[in-house]
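> This is the structure, below, for whatever I ask next.
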Amino acid sequence: MTKLTASNLSLAYGRQLIIDNLDFAVPEGRITVLIGANGSGKSTLLRALARLMKPEAGAVLLDGKDIAHTSTKEVARKLAMLPQGPVAPEGITVLQLVKQGRYPYQSWLQQWSEADERAVRAALEATGMTPLAERPVDALSGGQRQRAWIAMTLAQGTATVLLDEPTTYLDLTHQIEILDLLYTLNEREGRTVVMVLHDMNLACRYAHHLVAVKDRGIYAQGAPGDIVNAELIRNVFELDAHIIPDPLYGTPLCIPASQARRAQERQAAVPVHA
Amino acid sequence: MVALLDRPSYKIAVLLLSVAFLAVCMTASVMFGAKAYGLSTLQSAFSAFDGSDAHLIIRTSRVPRAAIAAVVGAALAVAGALMQALTRNPLASPSLFGVNAGAGLALVVAVALFGFPGLGQSVWIAFAGAALSAAAVYALGSGGRAGPAPVNMTLAGAAIAAFASSLTSGVLLGSDKALDQVLFWLVGSVAGRELAMLTAVLPYIAVGFVAAFALASPLNVLAMGEDVAVSLGQRTAAVKLVAAAAVVVLAGGAVAVAGPIGFIGIVIPHIARHLVGRDHHWLLPYCAVLGAILLVAADLGSRFLLMPSEVPVGVLTAIIGVPFFVLIARRGRYAE
Ligand SMILES: Nc1ncnc2c1ncn2[C@@H]1O[C@H](COP(=O)(O)OP(=O)(O)O)[C@@H](O)[C@H]1O
Ligand SMILES: [Mg+2]
């Protein structure tokens, strides 16, 4: 297991402060989901956790060591990050893409090994991409393409996986497919997952630990059932909403109120049937 | 785009065929020209040198010319492929991004100020010019919030290339002694160069090739974008720095010998990607061999185009290159 924490972390673009003096520990072996309004700094925080961005102040610690002062290859063997909307080079096949996930294990002395081969095969298998291994990535559907990238991330063989909006631009079926895949990976292999999701309801369904980002810091964190209520939605998203239990899983379901449709148009509350 | 040669066995076979074809082209380049010599004359020029005109021409003119064309063509093509990987821009190349022009300007300024420099010095002057213009293009093109966006980079490259060319003309006009010494070199040609010019730059160019080929895996990773590369544990700054140094040495070295020859760095990587795809383990060797073939063949062709006078090979590569440039500019993207 690896321990990923942020300590007194401040992040900025130029003089614009995005995250201010944040302390945060990623729960090990769990699925953590970051939510928050557009531009609230979710991606920025995730990028900093993955050392893609240098802190203005404070540090990100991986197993107690500042990642800024750890060899980047060593970090890459413990921590994988899938940025938002990655673009594969034209014509590259799924297998070639997934093999790149083994880059942190390669060196002049250590070329392609049996362990690399096994990790690649397992990643293809786990994502259901084995039958598509020889296909060019740019010839795949959106959902398949995202699975190929996740397979690359898995091939990296890290205990912790960070993903920035892995379901954006996918239709509902493929969103569920990707989240199920990540959920299963967490369940079977105990990998720690940290991701940004846009869909509040899916975030509540799949997260063990929910983190609401607002005002340059964490507004609230905890199990979705414990922290999600109308007040949180109002404060984090500036939106009036009703929270009801998800009829399938009992996790919080967020029903936003509209501005354009007036209150008297609303139907009397209908009891929800399971 | 799927690579035409989609199996390793095809890729090896075609690469070996290309090397053989390069040997044929180079032999033809030594045999044919204003005077044609047979294979036997060619052989005896080395095995039984008798000081005759034929032997002298072969040894001091034709052979250096073929060898220089091969090395310069290979260097420019590999430099182009490196630049395209670095900038993720299909139009990046030593000529279009002003690297050649920068090296040319540095040499012309040096000639105007100090007279013609020795071989050893001219190499370093060309490197300095190439490095300066590459740095200028990068600084201009990557400023602003969007970072090094392809369009900014291309515009910066065009601006620096134009700027360096204008400055070069200015220096030439203002300095009488520079003009005739430098003009023939400035067009871009592999004719009338001594073998010593090649041997002076060859060690540097060789280092450039070795560095480029050693970067094949890192460049493949970098091609997936900066963020993915860092996530995979790559020290991207180091990779880019080494790649940029290789570009400077390859392009600067090529210019020091042959003057600024354009379009090889854009035409050849484009063809090579069509043949073998984007894996730099294959792409770079293909660029080297095909670049060599193109310049040797173009140089041979330049002798016959307006017989008996010769067209500088830089003019010929431009004629070949412009349609390519238009084609690539219209397709536009590097990734996706
Ligand atoms: N590269 C950048 N340069 C400057 N500002 C940026 C950059 N990336 C993001 N920002 C700004 O930082 C803030 C947080 O952005 P981001 O972390 O992407 O938000 P989120 O992922 O929560 O939508 C936004 O105001 C955004 O405009
Ligand atoms: Mg974001």
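Here, A, B, ... name the chains of the structure tokens in the order displayed, residue numbers run from 1 inside each chain, and ligands are numbered from 1 in the same displayed order.
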So that I can see what lies close to Gly314 in chain B, please list as a list in words the residues with an atom at most 8 Å from it, counting only C-alpha atoms and leaving out residues fewer than 4 positions away in the same chain.
Val187, Gly188, Ser189, Pro260, Ile261, Gly262 and Ala318 of chain B
> Residues up to 8 Å from ligand 2, counting only C-alpha atoms and all ligand atoms: could you list those as a list in words?
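The residues within 8 Å of ligand 2, counting only C-alpha atoms and all ligand atoms, are Asn38, Gly39, Gly41, Lys42, Ser43, Thr44, Gln84, Asp164, Glu165 and Val196 of chain A.
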> Mind dumping the selected residues with N, CA, C and O atoms as an mmCIF file, in the first residue's frame?

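To be explicit, this is the file written out as selection-v5.cif:
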data_model
loop_
_atom_site.group_PDB
_atom_site.id
_atom_site.type_symbol
_atom_site.label_atom_id
_atom_site.label_comp_id
_atom_site.auth_asym_id
_atom_site.auth_seq_id
_atom_site.Cartn_x
_atom_site.Cartn_y
_atom_site.Cartn_z
ATOM 1 N N ASN A 38 -17.320 23.867 -11.802
ATOM 2 C CA ASN A 38 -16.303 24.073 -12.827
ATOM 3 C C ASN A 38 -15.320 25.150 -12.353
ATOM 4 O O ASN A 38 -15.733 26.172 -11.836
ATOM 5 N N GLY A 39 -14.056 24.886 -12.541
ATOM 6 C CA GLY A 39 -13.063 25.891 -12.178
ATOM 7 C C GLY A 39 -12.774 25.977 -10.697
ATOM 8 O O GLY A 39 -12.072 26.887 -10.249
ATOM 9 N N GLY A 41 -10.994 23.921 -9.024
ATOM 10 C CA GLY A 41 -9.620 23.498 -8.751
ATOM 11 C C GLY A 41 -9.450 21.994 -8.563
ATOM 12 O O GLY A 41 -8.421 21.540 -8.070
ATOM 13 N N LYS A 42 -10.436 21.205 -9.010
ATOM 14 C CA LYS A 42 -10.339 19.749 -8.869
ATOM 15 C C LYS A 42 -9.167 19.196 -9.689
ATOM 16 O O LYS A 42 -8.340 18.438 -9.180
ATOM 17 N N SER A 43 -9.134 19.595 -10.949
ATOM 18 C CA SER A 43 -8.044 19.105 -11.807
ATOM 19 C C SER A 43 -6.702 19.578 -11.278
ATOM 20 O O SER A 43 -5.721 18.824 -11.271
ATOM 21 N N THR A 44 -6.665 20.822 -10.847
ATOM 22 C CA THR A 44 -5.416 21.382 -10.333
ATOM 23 C C THR A 44 -4.925 20.563 -9.144
ATOM 24 O O THR A 44 -3.741 20.201 -9.070
ATOM 25 N N GLN A 84 -7.040 14.316 -18.137
ATOM 26 C CA GLN A 84 -8.312 14.443 -18.846
ATOM 27 C C GLN A 84 -8.072 14.491 -20.350
ATOM 28 O O GLN A 84 -7.192 15.191 -20.832
ATOM 29 N N ASP A 164 -8.633 11.939 -14.093
ATOM 30 C CA ASP A 164 -9.354 13.204 -14.194
ATOM 31 C C ASP A 164 -10.507 13.051 -15.188
ATOM 32 O O ASP A 164 -10.291 12.917 -16.387
ATOM 33 N N GLU A 165 -11.711 13.067 -14.673
ATOM 34 C CA GLU A 165 -12.919 12.957 -15.493
ATOM 35 C C GLU A 165 -12.847 11.828 -16.520
ATOM 36 O O GLU A 165 -12.937 12.062 -17.720
ATOM 37 N N VAL A 196 -11.864 12.573 -10.493
ATOM 38 C CA VAL A 196 -12.786 13.689 -10.582
ATOM 39 C C VAL A 196 -13.975 13.217 -11.404
ATOM 40 O O VAL A 196 -13.788 12.606 -12.462
#
> Find the residues around Gln121 in chain B up to 12 Å (only C-alpha atoms counted), leave out those fewer than 4 positions away in its own chain, and share them as an mmCIF file with N, CA and C atoms, in the first residue's frame.

data_model
loop_
_atom_site.group_PDB
_atom_site.id
_atom_site.type_symbol
_atom_site.label_atom_id
_atom_site.label_comp_id
_atom_site.auth_asym_id
_atom_site.auth_seq_id
_atom_site.Cartn_x
_atom_site.Cartn_y
_atom_site.Cartn_z
ATOM 1 N N ALA B 106 24.557 33.041 -38.881
ATOM 2 C CA ALA B 106 25.738 33.077 -38.015
ATOM 3 C C ALA B 106 27.013 32.963 -38.842
ATOM 4 N N LEU B 107 26.987 32.077 -39.853
ATOM 5 C CA LEU B 107 28.187 31.904 -40.676
ATOM 6 C C LEU B 107 28.467 33.134 -41.518
ATOM 7 N N ALA B 110 29.877 35.827 -39.376
ATOM 8 C CA ALA B 110 31.266 35.514 -39.052
ATOM 9 C C ALA B 110 32.183 35.839 -40.231
ATOM 10 N N VAL B 111 31.739 35.485 -41.463
ATOM 11 C CA VAL B 111 32.558 35.768 -42.640
ATOM 12 C C VAL B 111 32.716 37.272 -42.821
ATOM 13 N N PHE B 114 35.091 38.493 -39.809
ATOM 14 C CA PHE B 114 36.452 37.972 -39.632
ATOM 15 C C PHE B 114 37.019 37.300 -40.871
ATOM 16 N N GLY B 115 36.311 37.313 -41.981
ATOM 17 C CA GLY B 115 36.768 36.545 -43.122
ATOM 18 C C GLY B 115 36.391 35.090 -42.946
ATOM 19 N N PHE B 116 36.723 34.268 -43.941
ATOM 20 C CA PHE B 116 36.233 32.898 -43.898
ATOM 21 C C PHE B 116 36.863 32.128 -42.744
ATOM 22 N N PRO B 117 36.032 31.567 -41.861
ATOM 23 C CA PRO B 117 36.587 30.842 -40.721
ATOM 24 C C PRO B 117 37.124 29.490 -41.138
ATOM 25 N N ILE B 125 30.311 27.814 -35.212
ATOM 26 C CA ILE B 125 29.510 29.014 -35.505
ATOM 27 C C ILE B 125 28.115 28.604 -35.983
ATOM 28 N N ALA B 126 28.084 27.568 -36.835
ATOM 29 C CA ALA B 126 26.776 27.093 -37.321
ATOM 30 C C ALA B 126 25.935 26.549 -36.170
ATOM 31 N N PHE B 127 26.580 25.790 -35.257
ATOM 32 C CA PHE B 127 25.838 25.276 -34.093
ATOM 33 C C PHE B 127 25.240 26.425 -33.292
ATOM 34 N N ALA B 128 26.065 27.454 -33.058
ATOM 35 C CA ALA B 128 25.595 28.574 -32.250
ATOM 36 C C ALA B 128 24.392 29.236 -32.908
ATOM 37 N N MET B 197 35.599 18.969 -45.376
ATOM 38 C CA MET B 197 34.466 19.643 -44.755
ATOM 39 C C MET B 197 33.563 18.643 -44.068
ATOM 40 N N ALA B 200 35.163 17.149 -40.919
ATOM 41 C CA ALA B 200 35.172 18.087 -39.796
ATOM 42 C C ALA B 200 33.872 18.013 -38.995
ATOM 43 N N VAL B 201 32.738 17.822 -39.687
ATOM 44 C CA VAL B 201 31.461 17.803 -38.964
ATOM 45 C C VAL B 201 30.983 16.401 -38.605
ATOM 46 N N GLY B 253 25.274 21.088 -38.291
ATOM 47 C CA GLY B 253 26.337 20.400 -39.004
ATOM 48 C C GLY B 253 26.052 20.327 -40.497
ATOM 49 N N ALA B 256 26.611 23.732 -42.007
ATOM 50 C CA ALA B 256 28.029 24.086 -42.085
ATOM 51 C C ALA B 256 28.664 23.496 -43.341
#
> What are the DSSP helix (DSSP H, G or I) residues of range 91-144 of chain B, as a ChimeraX atom specification?
/B:99-114,119-142
> Name the closest residue to chain A among the candidates B:Ile268, B:Ala298, B:Ala206, B:Ala214; distances are taken between atoms, counting only C-alpha atoms.
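Smallest separation from chain A among the options: B:Ala214.
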> Give me the residues near Ala112 in chain B as a PyMOL selection string, where near means some atom within 12 Å (using only C-alpha atoms) and where sequence neighbours in that chain fewer than 2 positions away do not count.
chain B and resi 105-110+114-117+168-182
> Would you list the residues that come within 10 Å of ligand 1? Count only C-alpha atoms and all ligand atoms and give the answer as a PyMOL selection string.
(chain A and resi 11-19+34-48+53+84+164-165+196-198+213-214+216) or (chain B and resi 144-147)
> Can you pull out the residues contacting range 116-120 of chain A? Cut-off 7 Å, using only C-alpha atoms, and skip same-chain residues under 3 positions away; I want them as a list in words.
Val98, Lys99, Arg102, Trp112, Ser113, Ala123, Leu124, Ala155 and Gly157 of chain A
> Env of Ala288 in chain B: 8 Å cut, atoms = only C-alpha atoms, seq-sep filter 4 positions within chain, self excluded. Answer as an MDAnalysis selection string.
chainID B and resid 73:75 77:78 284 292
> Filtering to N, CA and C atoms, could you give me those residues as an mmCIF file, in the first residue's frame?

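Output below, filename selection-v1.cif:
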data_model
loop_
_atom_site.group_PDB
_atom_site.id
_atom_site.type_symbol
_atom_site.label_atom_id
_atom_site.label_comp_id
_atom_site.auth_asym_id
_atom_site.auth_seq_id
_atom_site.Cartn_x
_atom_site.Cartn_y
_atom_site.Cartn_z
ATOM 1 N N GLY B 73 21.610 14.787 -46.074
ATOM 2 C CA GLY B 73 20.202 14.405 -46.231
ATOM 3 C C GLY B 73 19.701 13.640 -45.024
ATOM 4 N N ALA B 74 20.516 12.697 -44.551
ATOM 5 C CA ALA B 74 20.120 11.914 -43.380
ATOM 6 C C ALA B 74 19.982 12.816 -42.161
ATOM 7 N N ALA B 75 20.946 13.714 -41.974
ATOM 8 C CA ALA B 75 20.940 14.583 -40.790
ATOM 9 C C ALA B 75 19.708 15.487 -40.786
ATOM 10 N N ALA B 77 16.826 15.058 -42.318
ATOM 11 C CA ALA B 77 15.577 14.305 -42.153
ATOM 12 C C ALA B 77 15.370 13.896 -40.696
ATOM 13 N N VAL B 78 16.442 13.419 -40.060
ATOM 14 C CA VAL B 78 16.312 13.009 -38.660
ATOM 15 C C VAL B 78 16.037 14.237 -37.776
ATOM 16 N N LEU B 284 13.021 6.775 -37.101
ATOM 17 C CA LEU B 284 14.287 7.487 -37.215
ATOM 18 C C LEU B 284 15.260 6.829 -38.199
ATOM 19 N N ALA B 292 18.875 10.421 -46.906
ATOM 20 C CA ALA B 292 20.104 10.283 -47.680
ATOM 21 C C ALA B 292 19.772 10.025 -49.149
#
> Please indicate the distance in Å from CA of Glu226 in chain B to CA of Met83 in chain B, rounded to one decimal place.
15.0 Å
> Have a look at CA of Asp299 in chain B and CA of Ala66 in chain B and let me know their distance in Å, one decimal.
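Taking CA of Asp299 in chain B as the start and CA of Ala66 in chain B as the end point, the length is 8.3 Å.
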> In Å to one decimal, how far is CA of Gly128 in chain A from CA of Ala223 in chain A?
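If I compute the distance from CA of Ala223 in chain A to CA of Gly128 in chain A, I get 29.9 Å.
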> Given the choices B:Pro285, B:Gly225, B:Pro218, B:Gly233, which gets closest to Ile67 in chain A if the distance is worked out from only C-alpha atoms?
B:Gly233
